[in-house]
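Structure file data-v8.pdb with PDB, C-alpha atoms, pLDDT in the B column:
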ATOM      1  CA  THR A   1     -88.575-119.796  79.288  1.00 46.00           C
ATOM      2  CA  LYS A   2     -89.878-116.866  77.312  1.00 49.00           C
ATOM      3  CA  MET A   3     -89.107-115.970  73.709  1.00 50.00           C
ATOM      4  CA  THR A   4     -86.968-112.934  74.475  1.00 48.00           C
ATOM      5  CA  GLY A   5     -83.526-111.831  73.344  1.00 45.00           C
ATOM      6  CA  MET A   6     -83.585-113.686  70.029  1.00 57.00           C
ATOM      7  CA  ASN A   7     -85.733-114.521  67.045  1.00 85.00           C
ATOM      8  CA  PRO A   8     -88.795-116.461  68.323  1.00 83.00           C
ATOM      9  CA  PHE A   9     -88.435-119.009  65.519  1.00 87.00           C
ATOM     10  CA  PHE A  10     -84.876-119.943  66.499  1.00 89.00           C
ATOM     11  CA  ALA A  11     -85.778-119.711  70.191  1.00 86.00           C
ATOM     12  CA  GLN A  12     -88.403-122.407  69.596  1.00 88.00           C
ATOM     13  CA  ILE A  13     -85.889-124.634  67.816  1.00 90.00           C
ATOM     14  CA  GLU A  14     -83.349-124.109  70.604  1.00 90.00           C
ATOM     15  CA  ARG A  15     -85.944-124.960  73.257  1.00 88.00           C
ATOM     16  CA  ASP A  16     -86.990-128.154  71.484  1.00 89.00           C
ATOM     17  CA  LEU A  17     -83.375-129.260  71.014  1.00 91.00           C
ATOM     18  CA  LYS A  18     -82.681-128.709  74.720  1.00 90.00           C
ATOM     19  CA  ILE A  19     -85.745-130.803  75.603  1.00 87.00           C
ATOM     20  CA  ALA A  20     -84.602-133.496  73.139  1.00 86.00           C
ATOM     21  CA  TRP A  21     -81.157-133.518  74.773  1.00 87.00           C
ATOM     22  CA  LYS A  22     -82.702-133.936  78.226  1.00 88.00           C
ATOM     23  CA  ASN A  23     -84.700-136.862  76.842  1.00 82.00           C
ATOM     24  CA  ARG A  24     -81.778-138.297  74.871  1.00 83.00           C
ATOM     25  CA  GLN A  25     -82.597-141.790  76.105  1.00 86.00           C
ATOM     26  CA  ASP A  26     -85.568-141.632  73.715  1.00 82.00           C
ATOM     27  CA  LEU A  27     -83.106-140.993  70.880  1.00 84.00           C
ATOM     28  CA  GLY A  28     -81.122-144.033  71.975  1.00 86.00           C
ATOM     29  CA  VAL A  29     -84.241-146.184  71.962  1.00 88.00           C
ATOM     30  CA  MET A  30     -85.152-144.933  68.472  1.00 87.00           C
ATOM     31  CA  LEU A  31     -81.685-145.720  67.097  1.00 89.00           C
ATOM     32  CA  ILE A  32     -81.732-149.173  68.707  1.00 91.00           C
ATOM     33  CA  PHE A  33     -85.180-149.728  67.160  1.00 89.00           C
ATOM     34  CA  PHE A  34     -83.758-148.732  63.765  1.00 91.00           C
ATOM     35  CA  VAL A  35     -80.822-151.128  64.134  1.00 90.00           C
ATOM     36  CA  ILE A  36     -83.037-153.996  65.316  1.00 91.00           C
ATOM     37  CA  ILE A  37     -85.430-153.661  62.365  1.00 89.00           C
ATOM     38  CA  VAL A  38     -82.553-153.633  59.870  1.00 89.00           C
ATOM     39  CA  THR A  39     -80.686-156.565  61.436  1.00 88.00           C
ATOM     40  CA  LEU A  40     -83.771-158.742  61.853  1.00 87.00           C
ATOM     41  CA  PHE A  41     -84.257-159.057  58.106  1.00 82.00           C
ATOM     42  CA  PRO A  42     -80.867-160.732  57.382  1.00 81.00           C
ATOM     43  CA  LEU A  43     -81.437-163.026  60.357  1.00 82.00           C
ATOM     44  CA  ALA A  44     -84.865-164.030  59.025  1.00 81.00           C
ATOM     45  CA  ILE A  45     -83.912-164.281  55.351  1.00 78.00           C
ATOM     46  CA  GLY A  46     -80.483-165.805  55.896  1.00 73.00           C
ATOM     47  CA  SER A  47     -77.284-165.253  53.952  1.00 68.00           C
ATOM     48  CA  ASN A  48     -78.912-165.737  50.544  1.00 71.00           C
ATOM     49  CA  THR A  49     -77.706-162.597  48.749  1.00 74.00           C
ATOM     50  CA  VAL A  50     -79.977-163.278  45.761  1.00 78.00           C
ATOM     51  CA  ILE A  51     -82.975-162.638  48.024  1.00 77.00           C
ATOM     52  CA  LEU A  52     -81.438-160.071  50.399  1.00 79.00           C
ATOM     53  CA  ASN A  53     -79.756-157.690  47.941  1.00 80.00           C
ATOM     54  CA  PRO A  54     -82.931-156.478  46.159  1.00 83.00           C
ATOM     55  CA  LEU A  55     -84.577-155.941  49.575  1.00 86.00           C
ATOM     56  CA  ALA A  56     -81.702-154.067  51.233  1.00 88.00           C
ATOM     57  CA  VAL A  57     -82.713-150.515  50.273  1.00 90.00           C
ATOM     58  CA  PRO A  58     -86.446-151.013  51.003  1.00 90.00           C
ATOM     59  CA  ILE A  59     -85.481-152.480  54.406  1.00 90.00           C
ATOM     60  CA  ILE A  60     -83.549-149.329  55.326  1.00 92.00           C
ATOM     61  CA  TRP A  61     -86.419-147.119  54.173  1.00 91.00           C
ATOM     62  CA  ILE A  62     -89.056-149.066  56.115  1.00 89.00           C
ATOM     63  CA  ALA A  63     -86.861-149.068  59.227  1.00 90.00           C
ATOM     64  CA  ALA A  64     -86.262-145.314  58.928  1.00 88.00           C
ATOM     65  CA  LEU A  65     -89.987-144.637  58.424  1.00 86.00           C
ATOM     66  CA  LEU A  66     -91.046-146.647  61.460  1.00 85.00           C
ATOM     67  CA  SER A  67     -88.280-145.176  63.624  1.00 86.00           C
ATOM     68  CA  ILE A  68     -89.084-141.564  62.720  1.00 83.00           C
ATOM     69  CA  LEU A  69     -92.805-142.100  63.346  1.00 80.00           C
ATOM     70  CA  ALA A  70     -92.152-143.511  66.816  1.00 75.00           C
ATOM     71  CA  GLY A  71     -91.620-140.088  68.434  1.00 73.00           C
ATOM     72  CA  PHE A  72     -94.437-138.042  66.927  1.00 79.00           C
ATOM     73  CA  ASP A  73     -97.171-139.055  69.356  1.00 72.00           C
ATOM     74  CA  ARG A  74     -95.515-136.896  72.070  1.00 75.00           C
ATOM     75  CA  LEU A  75     -94.444-134.009  69.830  1.00 79.00           C
ATOM     76  CA  PHE A  76     -96.865-131.384  71.171  1.00 81.00           C
ATOM     77  CA  ALA A  77     -97.789-133.009  74.492  1.00 75.00           C
ATOM     78  CA  GLN A  78     -95.227-131.232  76.678  1.00 77.00           C
ATOM     79  CA  ASP A  79     -95.872-127.812  75.102  1.00 80.00           C
ATOM     80  CA  ILE A  80     -99.582-128.171  75.847  1.00 80.00           C
ATOM     81  CA  ARG A  81     -99.001-129.533  79.343  1.00 79.00           C
ATOM     82  CA  ASP A  82     -96.547-126.731  80.268  1.00 80.00           C
ATOM     83  CA  GLY A  83     -98.714-123.977  78.798  1.00 80.00           C
ATOM     84  CA  TRP A  84     -96.004-123.181  76.256  1.00 83.00           C
ATOM     85  CA  LEU A  85     -98.428-123.341  73.349  1.00 80.00           C
ATOM     86  CA  ASP A  86    -100.488-120.585  75.016  1.00 77.00           C
ATOM     87  CA  GLN A  87     -97.369-118.397  75.104  1.00 83.00           C
ATOM     88  CA  VAL A  88     -96.731-119.147  71.432  1.00 82.00           C
ATOM     89  CA  THR A  89    -100.219-117.986  70.432  1.00 80.00           C
ATOM     90  CA  LEU A  90     -99.604-114.686  72.258  1.00 79.00           C
ATOM     91  CA  SER A  91     -96.114-114.197  70.821  1.00 79.00           C
ATOM     92  CA  GLN A  92     -94.902-112.917  67.461  1.00 80.00           C
ATOM     93  CA  LEU A  93     -94.301-116.504  66.374  1.00 82.00           C
ATOM     94  CA  GLY A  94     -97.301-117.647  64.340  1.00 81.00           C
ATOM     95  CA  LEU A  95     -98.622-121.176  64.660  1.00 81.00           C
ATOM     96  CA  GLY A  96     -97.365-122.005  61.164  1.00 84.00           C
ATOM     97  CA  SER A  97     -93.834-120.919  62.056  1.00 87.00           C
ATOM     98  CA  TYR A  98     -94.157-122.767  65.353  1.00 89.00           C
ATOM     99  CA  ALA A  99     -95.052-126.010  63.538  1.00 88.00           C
ATOM    100  CA  LEU A 100     -92.151-125.512  61.104  1.00 91.00           C
ATOM    101  CA  ALA A 101     -89.749-124.942  64.008  1.00 91.00           C
ATOM    102  CA  LYS A 102     -91.037-128.141  65.634  1.00 91.00           C
ATOM    103  CA  ALA A 103     -90.428-130.015  62.365  1.00 91.00           C
ATOM    104  CA  ILE A 104     -86.858-128.702  62.059  1.00 93.00           C
ATOM    105  CA  SER A 105     -85.941-129.491  65.654  1.00 92.00           C
ATOM    106  CA  HIS A 106     -87.532-132.943  65.429  1.00 90.00           C
ATOM    107  CA  TRP A 107     -85.589-133.737  62.253  1.00 92.00           C
ATOM    108  CA  LEU A 108     -82.329-132.530  63.804  1.00 92.00           C
ATOM    109  CA  SER A 109     -82.884-134.722  66.865  1.00 89.00           C
ATOM    110  CA  THR A 110     -84.210-137.834  65.088  1.00 89.00           C
ATOM    111  CA  GLY A 111     -83.800-137.723  61.305  1.00 89.00           C
ATOM    112  CA  LEU A 112     -80.172-136.556  61.358  1.00 92.00           C
ATOM    113  CA  PRO A 113     -78.973-139.331  63.725  1.00 91.00           C
ATOM    114  CA  LEU A 114     -80.750-141.902  61.539  1.00 91.00           C
ATOM    115  CA  LEU A 115     -79.042-140.413  58.492  1.00 92.00           C
ATOM    116  CA  ILE A 116     -75.659-140.724  60.209  1.00 92.00           C
ATOM    117  CA  MET A 117     -76.431-144.340  61.139  1.00 91.00           C
ATOM    118  CA  ALA A 118     -77.672-145.285  57.643  1.00 91.00           C
ATOM    119  CA  PRO A 119     -74.249-146.021  56.030  1.00 91.00           C
ATOM    120  CA  LEU A 120     -73.454-148.546  58.779  1.00 91.00           C
ATOM    121  CA  MET A 121     -76.804-150.241  58.212  1.00 90.00           C
ATOM    122  CA  ALA A 122     -76.137-150.222  54.462  1.00 89.00           C
ATOM    123  CA  MET A 123     -72.843-152.044  55.058  1.00 89.00           C
ATOM    124  CA  ILE A 124     -74.614-154.635  57.223  1.00 86.00           C
ATOM    125  CA  LEU A 125     -77.011-155.271  54.321  1.00 87.00           C
ATOM    126  CA  ASN A 126     -74.096-155.443  51.816  1.00 85.00           C
ATOM    127  CA  ILE A 127     -75.304-152.462  49.802  1.00 86.00           C
ATOM    128  CA  PRO A 128     -72.525-151.488  47.338  1.00 87.00           C
ATOM    129  CA  ALA A 129     -70.510-148.393  48.277  1.00 86.00           C
ATOM    130  CA  SER A 130     -71.390-146.864  44.900  1.00 86.00           C
ATOM    131  CA  GLN A 131     -75.006-146.780  46.026  1.00 88.00           C
ATOM    132  CA  PHE A 132     -74.339-144.890  49.287  1.00 89.00           C
ATOM    133  CA  ALA A 133     -74.534-141.420  47.685  1.00 90.00           C
ATOM    134  CA  PRO A 134     -78.002-141.815  46.103  1.00 91.00           C
ATOM    135  CA  LEU A 135     -79.230-143.590  49.223  1.00 91.00           C
ATOM    136  CA  MET A 136     -78.072-140.776  51.524  1.00 92.00           C
ATOM    137  CA  ILE A 137     -79.479-138.039  49.276  1.00 92.00           C
ATOM    138  CA  ALA A 138     -82.833-139.797  49.014  1.00 92.00           C
ATOM    139  CA  LEU A 139     -82.926-140.453  52.773  1.00 92.00           C
ATOM    140  CA  LEU A 140     -82.101-136.804  53.470  1.00 93.00           C
ATOM    141  CA  VAL A 141     -85.011-135.559  51.373  1.00 92.00           C
ATOM    142  CA  GLY A 142     -87.314-138.387  52.407  1.00 90.00           C
ATOM    143  CA  SER A 143     -86.714-138.031  56.139  1.00 90.00           C
ATOM    144  CA  MET A 144     -87.520-134.313  55.902  1.00 91.00           C
ATOM    145  CA  GLY A 145     -90.732-135.117  54.043  1.00 91.00           C
ATOM    146  CA  LEU A 146     -91.686-137.769  56.603  1.00 89.00           C
ATOM    147  CA  THR A 147     -91.006-135.292  59.397  1.00 90.00           C
ATOM    148  CA  LEU A 148     -93.353-132.717  57.860  1.00 89.00           C
ATOM    149  CA  LEU A 149     -96.048-135.373  57.462  1.00 89.00           C
ATOM    150  CA  GLY A 150     -95.493-136.440  61.054  1.00 86.00           C
ATOM    151  CA  VAL A 151     -95.896-132.911  62.402  1.00 87.00           C
ATOM    152  CA  ILE A 152     -99.192-132.528  60.533  1.00 85.00           C
ATOM    153  CA  GLY A 153    -100.412-135.895  61.802  1.00 84.00           C
ATOM    154  CA  ALA A 154     -99.299-135.148  65.370  1.00 82.00           C
ATOM    155  CA  ALA A 155    -101.176-131.841  65.341  1.00 80.00           C
ATOM    156  CA  LEU A 156    -104.358-133.538  64.136  1.00 79.00           C
ATOM    157  CA  ALA A 157    -104.082-136.458  66.566  1.00 74.00           C
ATOM    158  CA  GLU A 158    -103.036-134.468  69.658  1.00 71.00           C
ATOM    159  CA  GLY A 159    -105.452-134.940  72.539  1.00 62.00           C
ATOM    160  CA  ALA A 160    -107.293-137.809  70.897  1.00 61.00           C
ATOM    161  CA  GLN A 161    -107.690-141.130  72.642  1.00 59.00           C
ATOM    162  CA  ARG A 162    -105.259-143.687  71.269  1.00 62.00           C
ATOM    163  CA  GLY A 163    -103.485-140.867  69.492  1.00 59.00           C
ATOM    164  CA  GLY A 164    -100.585-143.114  68.467  1.00 65.00           C
ATOM    165  CA  ALA A 165    -102.853-145.438  66.479  1.00 70.00           C
ATOM    166  CA  LEU A 166    -104.676-142.484  64.923  1.00 75.00           C
ATOM    167  CA  LEU A 167    -101.344-140.901  64.027  1.00 76.00           C
ATOM    168  CA  ALA A 168    -100.257-144.058  62.219  1.00 75.00           C
ATOM    169  CA  LEU A 169    -103.540-144.217  60.303  1.00 79.00           C
ATOM    170  CA  LEU A 170    -103.154-140.587  59.245  1.00 80.00           C
ATOM    171  CA  ILE A 171     -99.507-140.675  58.210  1.00 82.00           C
ATOM    172  CA  LEU A 172     -98.820-144.131  56.773  1.00 82.00           C
ATOM    173  CA  PRO A 173    -101.094-143.807  53.694  1.00 85.00           C
ATOM    174  CA  LEU A 174     -99.543-140.408  52.910  1.00 85.00           C
ATOM    175  CA  ALA A 175     -96.039-141.789  53.426  1.00 86.00           C
ATOM    176  CA  VAL A 176     -96.454-144.637  50.907  1.00 87.00           C
ATOM    177  CA  PRO A 177     -95.731-142.509  47.773  1.00 87.00           C
ATOM    178  CA  LEU A 178     -92.725-140.990  49.526  1.00 87.00           C
ATOM    179  CA  LEU A 179     -91.511-144.452  50.495  1.00 87.00           C
ATOM    180  CA  ILE A 180     -91.885-145.763  46.925  1.00 88.00           C
ATOM    181  CA  PHE A 181     -90.128-142.804  45.336  1.00 87.00           C
ATOM    182  CA  GLY A 182     -87.396-142.802  47.979  1.00 87.00           C
ATOM    183  CA  THR A 183     -86.704-146.495  47.462  1.00 87.00           C
ATOM    184  CA  LEU A 184     -86.482-146.058  43.677  1.00 88.00           C
ATOM    185  CA  ALA A 185     -84.342-142.925  43.990  1.00 86.00           C
ATOM    186  CA  SER A 186     -81.908-144.766  46.272  1.00 82.00           C
ATOM    187  CA  GLN A 187     -81.031-147.331  43.612  1.00 75.00           C
ATOM    188  CA  ASN A 188     -78.501-146.720  40.873  1.00 58.00           C
ATOM    189  CA  GLU A 189     -80.377-148.880  38.381  1.00 51.00           C
ATOM    190  CA  THR A 190     -83.258-146.405  38.155  1.00 42.00           C
ATOM    191  CA  GLY A 191     -81.102-143.520  37.065  1.00 40.00           C
ATOM    192  CA  ILE A 192     -83.232-141.120  39.109  1.00 39.00           C
ATOM    193  CA  ILE A 193     -80.296-140.024  41.254  1.00 40.00           C
ATOM    194  CA  SER A 194     -76.730-140.531  40.141  1.00 40.00           C
ATOM    195  CA  PRO A 195     -73.853-140.714  42.613  1.00 41.00           C
ATOM    196  CA  HIS A 196     -71.850-138.466  40.281  1.00 42.00           C
ATOM    197  CA  LEU A 197     -74.212-135.518  40.895  1.00 37.00           C
TER
END
Encoded form using structure tokens:
Amino acid sequence: TKMTGMNPFFAQIERDLKIAWKNRQDLGVMLIFFVIIVTLFPLAIGSNTVILNPLAVPIIWIAALLSILAGFDRLFAQDIRDGWLDQVTLSQLGLGSYALAKAISHWLSTGLPLLIMAPLMAMILNIPASQFAPLMIALLVGSMGLTLLGVIGAALAEGAQRGGALLALLILPLAVPLLIFGTLASQNETGIISPHL
């Protein structure tokens, strides 16, 4: 497929979404991984709400972080293998725009489904309905930030031996501030984000 007949930026997004749809079983695995991480905590902790309630929001954030990171190790692999990246360098689409398009398409195919699944996971963890709005807003912003970090890490780790481990080492330290702020912003008690906004 060549970038003809439409804006190269949107052509790249469309191509990546088509590839993601062909590999939709990977999306299913990611969502199952997300659900398993969230449900394991109540099973391990038990029904003690005094312990579980303060941990509910951090659990969702950690599960979302680990699930989003799971797909980055293969982000550029197919483009390099198919010679698509060579076409991109010769096209009007700059490498910066190419990376941004990859980030958008990756978020649409991974971050958005996680965002849709998050309210169900919040109900499983007995998070109050009044807290859903700040949680969803924080997850929306946070998942986009994690996606951008993941694209940068994937670009740096591409082609390296044990790229998945290197990717985790590159991204996780950078994701910690985002994880802390996102967890605080998801809770009504902090006042950072109000559900009335």
| request: Would you work out the distance separating CA of Pro134 (chain A) from CA of Pro119 (chain A), expressed in Å to one decimal? | output: 11.4 Å
At most 9 Å is the cut-off: for each residue in region 82-123 of chain A with any atom that close to an atom of region 144-160 of chain A, write down the nearest atom pair and the distance in Å rounded to one decimal, counting all atoms listed in the file, chain first then increasing number, as JSON lines.
{"residue": "A:Ala99", "atom": "CA", "partner": "A:Val151", "partner_atom": "CA", "distance": 7.0}
{"residue": "A:Leu100", "atom": "CA", "partner": "A:Leu148", "partner_atom": "CA", "distance": 8.0}
{"residue": "A:Lys102", "atom": "CA", "partner": "A:Val151", "partner_atom": "CA", "distance": 7.5}
{"residue": "A:Ala103", "atom": "CA", "partner": "A:Leu148", "partner_atom": "CA", "distance": 6.0}
{"residue": "A:Ile104", "atom": "CA", "partner": "A:Thr147", "partner_atom": "CA", "distance": 8.2}
{"residue": "A:His106", "atom": "CA", "partner": "A:Thr147", "partner_atom": "CA", "distance": 7.3}
{"residue": "A:Trp107", "atom": "CA", "partner": "A:Thr147", "partner_atom": "CA", "distance": 6.3}
{"residue": "A:Gly111", "atom": "CA", "partner": "A:Met144", "partner_atom": "CA", "distance": 7.4}
| Nearest-residue call for Phe132 (chain A), choices A:Val38, A:Ala56, A:Ala101, A:Leu85, using only C-alpha atoms |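 Answer, going by the shortest atom-to-atom distance: A:Ala56.
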| For the file shown, what are the residues hit by the PyMOL selection byres ((chain A and resi 121) around 12), laid out as JSON, numbers by chain? | {"A": [31, 32, 34, 35, 36, 37, 38, 39, 40, 41, 42, 56, 57, 59, 60, 61, 63, 64, 114, 115, 116, 117, 118, 119, 120, 122, 123, 124, 125, 126, 127, 128, 129, 132, 135, 136]}
| request: Can you work out which one of A:Leu93, A:Ile180, A:Gly71, A:Ala138 has the shortest atom-to-atom distance to Arg24 (chain A), counting only C-alpha atoms? | output: A:Gly71
| remark: Using all atoms listed in the file, the residue out of A:Asn53, A:Pro8, A:Pro58, A:Thr183 with shortest distance to Gln87 (chain A) is A:Pro8
| In Å, how far is it from CA of Ile171 (chain A) to CA of Ala70 (chain A)? | 11.7 Å
| task | Within 12 Å of Lys18 (chain A), counting only C-alpha atoms, which residues show up once you throw out same-chain ones fewer than 3 positions away? Write them as a ChimeraX atom specification, please. | result | /A:1,11-15,21-24,105-106,108-109
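Distance-wise, CA of Ser91 (chain A) and CA of Phe10 (chain A) end up 13.3 Å apart.
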Any chance you could work out the axis-aligned box around region 113-121 of chain A, listed atoms only, 6 Å on each side, giving centre and edge lengths in Å to one decimal, as AutoDock Vina command-line options?
--center_x -77.1 --center_y -144.8 --center_z 59.9 --size_x 19.3 --size_y 22.9 --size_z 19.7
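For the residues A:Ala168, A:Val88, A:Ile51, A:Leu43, ranking by smallest atom-to-atom distance to Ile68 (chain A) using all atoms listed in the file places A:Ala168 first.
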| query | When distances are computed from all atoms listed in the file, which of A:Leu17, A:Leu140, A:Leu172, A:Leu166 shows the smallest separation from Ala185 (chain A)? | reply |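 Result for the nearest residue to Ala185 (chain A): A:Leu140.
Counting all atoms listed in the file, the residue from A:Pro177, A:Pro113, A:Pro54, A:Gly46 that sits nearest to Gly28 (chain A) is A:Pro113.
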Output of region 89-112 of chain A limited to N, CA, C and O atoms, as a compact mmCIF listing (two decimals), in the first residue's frame:
# COMPACT_ATOMS: atom_id res chain seq x y z
N THR A 89 10.22 7.22 4.77
CA THR A 89 11.34 8.17 4.70
C THR A 89 11.41 8.86 3.34
O THR A 89 11.94 9.98 3.24
N LEU A 90 10.88 8.23 2.30
CA LEU A 90 10.88 8.82 0.96
C LEU A 90 9.60 9.59 0.66
O LEU A 90 9.50 10.23 -0.40
N SER A 91 8.64 9.54 1.56
CA SER A 91 7.35 10.20 1.33
C SER A 91 7.34 11.59 1.95
O SER A 91 8.32 12.04 2.56
N GLN A 92 6.20 12.26 1.81
CA GLN A 92 6.05 13.60 2.40
C GLN A 92 5.80 13.53 3.91
O GLN A 92 5.86 14.56 4.59
N LEU A 93 5.54 12.35 4.41
CA LEU A 93 5.31 12.17 5.84
C LEU A 93 6.64 12.10 6.56
O LEU A 93 7.41 11.17 6.38
N GLY A 94 6.94 13.08 7.39
CA GLY A 94 8.20 13.07 8.14
C GLY A 94 8.17 11.99 9.22
O GLY A 94 7.11 11.48 9.60
N LEU A 95 9.35 11.65 9.71
CA LEU A 95 9.44 10.61 10.74
C LEU A 95 8.73 11.02 12.03
O LEU A 95 8.17 10.17 12.73
N GLY A 96 8.74 12.31 12.34
CA GLY A 96 8.02 12.78 13.52
C GLY A 96 6.52 12.58 13.39
O GLY A 96 5.85 12.10 14.32
N SER A 97 5.98 12.93 12.22
CA SER A 97 4.56 12.73 11.96
C SER A 97 4.22 11.25 11.91
O SER A 97 3.15 10.82 12.35
N TYR A 98 5.14 10.45 11.37
CA TYR A 98 4.96 9.01 11.33
C TYR A 98 4.84 8.44 12.75
O TYR A 98 3.94 7.64 13.04
N ALA A 99 5.74 8.86 13.64
CA ALA A 99 5.70 8.38 15.03
C ALA A 99 4.42 8.82 15.73
O ALA A 99 3.82 8.05 16.49
N LEU A 100 3.96 10.06 15.45
CA LEU A 100 2.72 10.55 16.05
C LEU A 100 1.53 9.75 15.54
O LEU A 100 0.62 9.40 16.31
N ALA A 101 1.53 9.44 14.24
CA ALA A 101 0.45 8.62 13.67
C ALA A 101 0.43 7.23 14.30
O ALA A 101 -0.63 6.67 14.59
N LYS A 102 1.63 6.66 14.52
CA LYS A 102 1.71 5.36 15.18
C LYS A 102 1.14 5.44 16.60
O LYS A 102 0.44 4.52 17.05
N ALA A 103 1.43 6.53 17.31
CA ALA A 103 0.93 6.70 18.67
C ALA A 103 -0.60 6.79 18.67
O ALA A 103 -1.27 6.17 19.51
N ILE A 104 -1.16 7.57 17.73
CA ILE A 104 -2.62 7.72 17.68
C ILE A 104 -3.30 6.40 17.37
O ILE A 104 -4.27 6.01 18.03
N SER A 105 -2.79 5.69 16.37
CA SER A 105 -3.41 4.42 15.99
C SER A 105 -3.27 3.38 17.10
O SER A 105 -4.19 2.59 17.35
N HIS A 106 -2.12 3.39 17.78
CA HIS A 106 -1.92 2.44 18.88
C HIS A 106 -2.87 2.75 20.03
O HIS A 106 -3.45 1.83 20.63
N TRP A 107 -3.08 4.03 20.33
CA TRP A 107 -4.01 4.38 21.41
C TRP A 107 -5.43 3.99 21.03
O TRP A 107 -6.18 3.47 21.87
N LEU A 108 -5.82 4.24 19.78
CA LEU A 108 -7.17 3.89 19.35
C LEU A 108 -7.43 2.39 19.41
O LEU A 108 -8.55 1.95 19.70
N SER A 109 -6.39 1.60 19.18
CA SER A 109 -6.56 0.14 19.14
C SER A 109 -6.28 -0.54 20.48
O SER A 109 -6.64 -1.69 20.66
N THR A 110 -5.67 0.18 21.43
CA THR A 110 -5.39 -0.42 22.74
C THR A 110 -5.90 0.44 23.90
O THR A 110 -6.62 -0.06 24.76
N GLY A 111 -5.54 1.70 23.91
CA GLY A 111 -5.94 2.58 25.01
C GLY A 111 -7.44 2.79 25.08
O GLY A 111 -8.03 2.76 26.17
N LEU A 112 -8.08 2.99 23.93
CA LEU A 112 -9.53 3.22 23.91
C LEU A 112 -10.31 2.01 24.41
O LEU A 112 -11.23 2.16 25.24
